[in-house]
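Containing mmCIF, C-alpha atoms and all ligand atoms: upload-v5.cif.
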data_start
#
loop_
_atom_site.label_atom_id
_atom_site.label_comp_id
_atom_site.auth_asym_id
_atom_site.auth_seq_id
_atom_site.Cartn_x
_atom_site.Cartn_y
_atom_site.Cartn_z
CA MET A 1 115.01 88.71 158.25
CA ARG A 2 117.18 90.28 155.60
CA VAL A 3 114.83 92.18 153.25
CA LEU A 4 116.16 93.21 149.83
CA ILE A 5 113.97 95.52 147.75
CA ARG A 6 114.51 95.66 143.99
CA ASP A 7 113.06 97.84 141.22
CA SER A 8 111.52 95.08 139.15
CA ALA A 9 110.54 91.42 139.07
CA ALA A 10 113.51 90.78 136.75
CA ASP A 11 115.86 92.26 139.34
CA VAL A 12 114.29 90.05 142.04
CA ALA A 13 115.07 86.99 139.90
CA GLY A 14 118.63 88.20 139.29
CA CYS A 15 119.19 88.81 142.99
CA GLY A 16 117.82 85.34 143.87
CA ALA A 17 120.05 83.77 141.23
CA ASP A 18 123.09 85.60 142.64
CA LEU A 19 122.42 84.13 146.08
CA ILE A 20 121.94 80.58 144.76
CA GLU A 21 125.01 80.86 142.52
CA ALA A 22 127.10 81.94 145.53
CA ARG A 23 125.81 79.10 147.71
CA LEU A 24 126.48 76.47 145.01
CA ALA A 25 129.99 77.85 144.47
CA ALA A 26 130.64 77.25 148.18
CA ARG A 27 128.83 73.90 148.30
CA PRO A 28 128.37 72.23 144.88
CA ALA A 29 126.57 69.23 146.41
CA ALA A 30 123.98 71.37 148.21
CA VAL A 31 120.47 70.14 148.98
CA LEU A 32 117.99 72.68 147.61
CA GLY A 33 114.32 72.98 148.51
CA LEU A 34 112.48 74.19 145.41
CA ALA A 35 109.16 75.92 144.76
CA THR A 36 106.68 76.14 141.89
CA GLY A 37 104.22 78.87 140.90
CA ALA A 38 104.60 81.92 138.70
CA THR A 39 107.19 83.77 140.79
CA PRO A 40 110.19 81.42 140.46
CA LEU A 41 109.88 81.07 136.65
CA ALA A 42 112.15 84.05 135.97
CA LEU A 43 114.64 82.75 138.55
CA TYR A 44 114.72 79.31 136.90
CA ARG A 45 115.26 80.88 133.48
CA GLU A 46 118.11 82.97 134.87
CA LEU A 47 119.73 79.97 136.58
CA ALA A 48 119.43 77.93 133.37
CA ALA A 49 121.13 80.73 131.41
CA ARG A 50 123.94 80.84 133.99
CA ALA A 51 124.29 77.03 133.83
CA ARG A 52 124.61 77.22 130.03
CA ALA A 53 127.24 79.92 130.46
CA GLY A 54 129.16 77.66 132.86
CA ARG A 55 128.72 79.99 135.85
CA VAL A 56 126.80 77.46 137.93
CA SER A 57 126.38 73.68 137.88
CA PHE A 58 123.63 71.50 139.32
CA SER A 59 125.39 68.21 138.58
CA ASP A 60 125.94 67.38 142.28
CA VAL A 61 122.81 69.06 143.64
CA THR A 62 119.90 67.22 145.29
CA THR A 63 116.45 68.85 145.29
CA PHE A 64 113.21 68.45 147.22
CA ASN A 65 110.14 70.32 146.03
CA LEU A 66 107.72 71.82 148.50
CA ASP A 67 104.47 70.30 147.40
CA GLU A 68 102.35 68.40 144.89
CA TYR A 69 98.66 68.12 144.10
CA LEU A 70 97.06 64.96 145.36
CA GLY A 71 95.37 63.02 142.58
CA LEU A 72 97.70 64.12 139.76
CA ASP A 73 100.51 61.87 138.67
CA GLY A 74 103.77 63.33 137.46
CA ALA A 75 102.77 62.99 133.82
CA HIS A 76 99.86 65.44 134.23
CA PRO A 77 100.93 68.80 132.78
CA GLN A 78 99.61 70.66 135.84
CA SER A 79 101.48 68.44 138.29
CA TYR A 80 104.38 70.13 139.99
CA ARG A 81 106.67 67.29 138.86
CA ALA A 82 105.83 68.17 135.24
CA TYR A 83 106.31 71.88 135.99
CA MET A 84 109.79 71.26 137.44
CA ASP A 85 110.87 69.01 134.55
CA ARG A 86 109.57 71.48 131.96
CA GLU A 87 110.57 74.80 133.54
CA PHE A 88 113.89 73.93 135.15
CA PHE A 89 115.32 70.41 135.24
CA ALA A 90 115.25 70.00 131.42
CA HIS A 91 117.45 73.09 131.08
CA VAL A 92 120.23 72.38 133.59
CA ASP A 93 122.81 69.66 134.19
CA ILE A 94 120.96 68.07 137.10
CA ASP A 95 120.74 64.31 137.74
CA ILE A 96 116.97 63.77 137.59
CA ALA A 97 117.33 60.80 140.00
CA ARG A 98 118.33 63.29 142.69
CA THR A 99 115.23 65.46 142.20
CA HIS A 100 112.28 64.82 144.51
CA VAL A 101 108.67 65.96 144.36
CA PRO A 102 106.03 64.56 146.75
CA ALA A 103 104.11 61.70 145.10
CA GLY A 104 100.70 63.07 144.10
CA ASN A 105 99.59 59.61 143.05
CA ALA A 106 100.72 57.74 146.18
CA GLY A 107 98.42 54.90 147.22
CA ASN A 108 98.85 55.94 150.84
CA ALA A 109 99.42 59.69 150.79
CA ARG A 110 99.81 60.03 154.56
CA ARG A 111 102.57 57.44 154.60
CA ALA A 112 104.22 59.04 151.55
CA ALA A 113 104.29 62.36 153.41
CA VAL A 114 106.07 60.87 156.43
CA GLU A 115 108.48 59.10 154.08
CA TYR A 116 109.25 62.42 152.31
CA ASP A 117 110.46 64.01 155.57
CA ARG A 118 112.61 60.94 156.18
CA ARG A 119 114.20 61.25 152.74
CA ILE A 120 115.01 64.91 153.38
CA ALA A 121 116.67 63.93 156.66
CA ASP A 122 118.56 61.08 154.93
CA ALA A 123 119.92 63.59 152.39
CA GLY A 124 121.34 65.61 155.28
CA GLY A 125 118.58 68.23 155.50
CA ILE A 126 117.91 71.20 153.25
CA ASP A 127 120.73 73.71 152.85
CA LEU A 128 118.71 76.38 151.05
CA GLN A 129 114.92 76.47 150.83
CA LEU A 130 113.41 78.59 148.04
CA LEU A 131 109.90 79.91 148.72
CA GLY A 132 107.16 82.01 147.16
CA ILE A 133 104.27 83.37 149.19
CA GLY A 134 100.54 83.11 148.53
CA ARG A 135 98.21 86.12 148.73
CA ASN A 136 96.91 84.54 151.93
CA GLY A 137 100.42 84.21 153.37
CA HIS A 138 100.84 80.51 152.62
CA ILE A 139 104.27 78.95 152.11
CA GLY A 140 104.25 75.67 150.25
CA PHE A 141 100.61 74.64 150.61
CA ASN A 142 100.62 75.49 154.31
CA GLU A 143 97.41 77.46 154.29
CA PRO A 144 96.39 79.86 157.10
CA TYR A 145 95.90 78.12 160.46
CA SER A 146 98.47 75.44 159.65
CA SER A 147 100.46 74.44 162.71
CA LEU A 148 103.65 76.45 162.75
CA SER A 149 105.56 73.28 163.66
CA SER A 150 103.83 71.02 161.09
CA ARG A 151 105.68 68.31 159.19
CA THR A 152 105.08 67.08 155.63
CA ARG A 153 101.44 66.00 155.36
CA VAL A 154 98.20 66.06 153.37
CA LYS A 155 96.48 69.47 153.37
CA THR A 156 93.14 70.78 152.16
CA LEU A 157 93.60 73.78 149.87
CA SER A 158 91.76 76.99 150.72
CA ALA A 159 89.08 78.40 148.41
CA ASN A 160 91.47 81.30 147.77
CA THR A 161 94.28 79.07 146.57
CA ILE A 162 91.95 76.95 144.43
CA ALA A 163 90.65 80.14 142.79
CA ASP A 164 94.20 81.51 142.27
CA ASN A 165 95.26 78.28 140.56
CA ALA A 166 92.08 77.71 138.53
CA ARG A 167 93.62 79.60 135.59
CA PHE A 168 95.97 76.68 134.98
CA PHE A 169 93.16 74.14 134.49
CA ALA A 170 90.86 73.91 131.47
CA ASP A 171 87.11 74.50 131.89
CA GLY A 172 85.54 71.36 133.31
CA GLU A 173 88.93 69.75 134.01
CA TYR A 174 89.42 68.10 137.44
CA GLN A 175 91.22 70.54 139.75
CA PRO A 176 92.67 68.99 142.90
CA HIS A 177 91.62 70.38 146.26
CA LEU A 178 94.12 68.39 148.32
CA ALA A 179 97.92 68.45 148.28
CA ILE A 180 100.94 66.95 149.97
CA THR A 181 103.08 69.77 151.33
CA VAL A 182 106.20 69.95 153.44
CA GLY A 183 105.32 71.41 156.83
CA ILE A 184 106.20 74.78 158.28
CA GLY A 185 108.41 72.94 160.78
CA THR A 186 110.12 71.20 157.85
CA ILE A 187 110.75 74.59 156.22
CA LEU A 188 112.09 76.05 159.46
CA ASP A 189 114.56 73.13 159.65
CA ALA A 190 116.28 74.34 156.44
CA ARG A 191 119.65 75.91 157.14
CA GLU A 192 118.78 78.95 155.02
CA VAL A 193 115.59 80.31 153.42
CA LEU A 194 115.21 82.49 150.31
CA LEU A 195 111.70 83.89 149.69
CA LEU A 196 110.83 85.80 146.51
CA ALA A 197 107.70 87.89 146.02
CA THR A 198 106.69 90.29 143.28
CA GLY A 199 103.66 92.40 142.46
CA GLU A 200 101.12 94.40 144.42
CA ALA A 201 98.85 91.39 144.98
CA LYS A 202 101.46 90.08 147.44
CA ALA A 203 101.96 93.37 149.31
CA ALA A 204 99.59 92.62 152.22
CA ALA A 205 100.97 89.10 152.73
CA VAL A 206 104.55 90.44 152.58
CA ARG A 207 103.69 93.08 155.19
CA ASP A 208 102.12 90.47 157.51
CA MET A 209 105.11 88.15 157.06
CA ILE A 210 107.71 90.82 157.87
CA GLU A 211 105.92 93.16 160.28
CA GLY A 212 102.99 91.23 161.64
CA PRO A 213 102.76 89.03 164.69
CA VAL A 214 103.92 85.43 164.33
CA ALA A 215 100.50 83.95 163.77
CA ALA A 216 98.88 80.99 162.04
CA ARG A 217 96.72 83.35 159.99
CA CYS A 218 99.91 84.27 158.07
CA PRO A 219 101.97 81.05 157.85
CA ALA A 220 104.95 82.93 156.35
CA SER A 221 105.21 84.97 159.57
CA ALA A 222 106.77 81.83 161.11
CA LEU A 223 109.91 82.76 159.14
CA GLN A 224 110.51 85.50 161.73
CA LEU A 225 111.64 82.62 163.97
CA HIS A 226 114.34 81.51 161.50
CA ALA A 227 117.82 82.99 161.90
CA HIS A 228 118.86 82.96 158.23
CA VAL A 229 116.10 84.22 155.93
CA THR A 230 116.53 86.47 152.89
CA VAL A 231 113.35 88.01 151.45
CA VAL A 232 113.73 89.54 147.97
CA ILE A 233 110.79 91.65 146.80
CA ASP A 234 110.07 94.26 144.16
CA ASP A 235 108.79 97.77 144.91
CA ALA A 236 105.19 96.69 144.34
CA ALA A 237 105.39 93.81 146.83
CA ALA A 238 107.09 96.19 149.30
CA SER A 239 104.41 98.85 148.91
CA ALA A 240 102.43 98.00 152.08
CA LEU A 241 105.47 97.97 154.40
CA ASP A 242 105.51 100.67 157.08
CA ASP A 243 109.07 101.72 156.33
CA PRO A 244 110.64 100.18 153.22
CA GLU A 245 113.36 102.83 153.35
CA PHE A 246 114.64 101.24 156.55
CA PHE A 247 115.43 98.00 154.68
CA ARG A 248 117.13 99.91 151.85
CA HIS A 249 119.21 101.69 154.49
CA ILE A 250 120.21 98.39 156.15
CA GLU A 251 121.26 96.98 152.78
CA ARG A 252 123.47 100.00 152.08
CA GLU A 253 125.03 99.68 155.55
CA ASP A 254 125.60 95.93 155.04
CA ARG A 255 127.27 96.65 151.72
CA ALA A 256 129.52 99.23 153.37
CA LEU A 257 130.49 96.58 155.90
CA GLY A 258 131.26 94.22 152.99
CA ASP A 259 128.69 91.52 153.78
P1 LIG A 301 102.83 82.40 142.68
O1 LIG A 301 102.53 81.46 143.93
O2 LIG A 301 104.30 82.49 142.58
O3 LIG A 301 102.19 81.68 141.53
O4 LIG A 301 102.19 83.71 142.99
C1 LIG A 301 103.22 81.65 145.12
C2 LIG A 301 102.68 80.68 146.15
O5 LIG A 301 101.48 80.38 146.11
O6 LIG A 301 103.46 80.22 146.98
#

Would you write the structure of this file as structure tokens?
Amino acid sequence: MRVLIRDSAADVAGCGADLIEARLAARPAAVLGLATGATPLALYRELAARARAGRVSFSDVTTFNLDEYLGLDGAHPQSYRAYMDREFFAHVDIDIARTHVPAGNAGNARRAAVEYDRRIADAGGIDLQLLGIGRNGHIGFNEPYSSLSSRTRVKTLSANTIADNARFFADGEYQPHLAITVGIGTILDAREVLLLATGEAKAAAVRDMIEGPVAARCPASALQLHAHVTVVIDDAAASALDDPEFFRHIEREDRALGD
């Protein structure tokens, strides 16, 4: 894992945007795996600003989002389809027909999940998968004890995750407890992974992902098995690492080598 530690959440977003800008310059028709949640918002704003400035274009890009709540259709403001349209797609030159989010309102959710993996494969696989990480170490909605080789499927959300996301739903409003999520195996199939994490609340999960054993209790630890992962974190999210200075040292050395 390449671990890049930055001073602030804004710098994490800038660093993530630099990596995506570089990849799209090399491959304008890339297939991107995208994430929702609070963490990528600053990244999406930065990418939209760069698109407006003509530094990056999404016109040939295809996207597949990680997950969607089951029981919400895309018109629901808390659906991840609505999030993506509102927070990112509306602000860049992307062809909305090439954006994919699992169907939260599918009549047969299990079949829709299998179909989603097939569509990713048909698109040529994911070139760059963007991820956040949950406080419990989840990636996508792959909660602890998910199979580390799982494919896209229906998952039950943990009490932790439901509580973390409750702030987005009004009092008394229906909050889903099931989701369709791409699997950990699906994520590991991506050619490259970029994970962003900020804030002290993520420090323990970040430590377990980077330093811990590969174990189902921290689904993100499966990324240790992937050969091309970049983790970008701020000082607060790095605060539980044994030796953050080691990663800063590696980055300086890499820069000296002209990586
Ligand atoms: P957050 O979610 O960015 O809202 O903290 C991350 C995640 O749950 O994957």

Step by step, measure atom-to-atom distances between ligand LIG 301 (chain A) and each residue using only C-alpha atoms and all ligand atoms, keep those at most 9 Å, then write them as a ChimeraX atom specification.
-> /A:35-41,131-141,161,164-165,196-199,201-202

Now that the selection is made, can you save its residues with C-alpha atoms as an mmCIF file, in the coordinates of the input?
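Written output follows (out-v4.cif):
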data_model
loop_
_atom_site.group_PDB
_atom_site.id
_atom_site.type_symbol
_atom_site.label_atom_id
_atom_site.label_comp_id
_atom_site.auth_asym_id
_atom_site.auth_seq_id
_atom_site.Cartn_x
_atom_site.Cartn_y
_atom_site.Cartn_z
ATOM 1 C CA ALA A 35 109.160 75.920 144.760
ATOM 2 C CA THR A 36 106.680 76.140 141.890
ATOM 3 C CA GLY A 37 104.220 78.870 140.900
ATOM 4 C CA ALA A 38 104.600 81.920 138.700
ATOM 5 C CA THR A 39 107.190 83.770 140.790
ATOM 6 C CA PRO A 40 110.190 81.420 140.460
ATOM 7 C CA LEU A 41 109.880 81.070 136.650
ATOM 8 C CA LEU A 131 109.900 79.910 148.720
ATOM 9 C CA GLY A 132 107.160 82.010 147.160
ATOM 10 C CA ILE A 133 104.270 83.370 149.190
ATOM 11 C CA GLY A 134 100.540 83.110 148.530
ATOM 12 C CA ARG A 135 98.210 86.120 148.730
ATOM 13 C CA ASN A 136 96.910 84.540 151.930
ATOM 14 C CA GLY A 137 100.420 84.210 153.370
ATOM 15 C CA HIS A 138 100.840 80.510 152.620
ATOM 16 C CA ILE A 139 104.270 78.950 152.110
ATOM 17 C CA GLY A 140 104.250 75.670 150.250
ATOM 18 C CA PHE A 141 100.610 74.640 150.610
ATOM 19 C CA THR A 161 94.280 79.070 146.570
ATOM 20 C CA ASP A 164 94.200 81.510 142.270
ATOM 21 C CA ASN A 165 95.260 78.280 140.560
ATOM 22 C CA LEU A 196 110.830 85.800 146.510
ATOM 23 C CA ALA A 197 107.700 87.890 146.020
ATOM 24 C CA THR A 198 106.690 90.290 143.280
ATOM 25 C CA GLY A 199 103.660 92.400 142.460
ATOM 26 C CA ALA A 201 98.850 91.390 144.980
ATOM 27 C CA LYS A 202 101.460 90.080 147.440
#

Which one is closest to Leu43 in chain A: A:Ala9, A:Ala166, A:Ile184, A:Ala179? Count only C-alpha atoms.
->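 Result for the nearest residue to Leu43 in chain A: A:Ala9.
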
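CA of Thr156 in chain A sits 18.7 Å away from CA of Glu173 in chain A.
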
Within 10 Å of range 109-118 of chain A, counting all atoms listed in the file, which residues qualify if same-chain residues fewer than 6 places away don't, as an MDAnalysis selection string?
-> chainID A and resid 64 67 70:71 100:103 124:125 151:154 179:183 186

For range 87-90 of chain A, work out the shell of residues within 8 Å, counting all atoms listed in the file and skipping chain neighbours fewer than 5 positions away, then give it as an NGL selection string.
-> :A and (41 or 44-45 or 48 or 96)

Spatial neighbours of range 210-215 of chain A, 10 Å, all atoms listed in the file, chain gap at least 5 places, as a ChimeraX atom specification = /A:1-3,144-148,205,220-225,231,241-243

Could you jot down the CA of Pro28 in chain A to CA of Gly14 in chain A separation for me, Å, one decimal place?
->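 Taking CA of Pro28 in chain A as the start and CA of Gly14 in chain A as the end point, the length is 19.5 Å.
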
Select all residues near (119.7, 79.9, 141.4) (cut-off 8 Å, inclusive, file coordinates), counting all atoms listed in the file, and output them as number ranges by chain.
-> A: 16-21, 43-44, 46-47
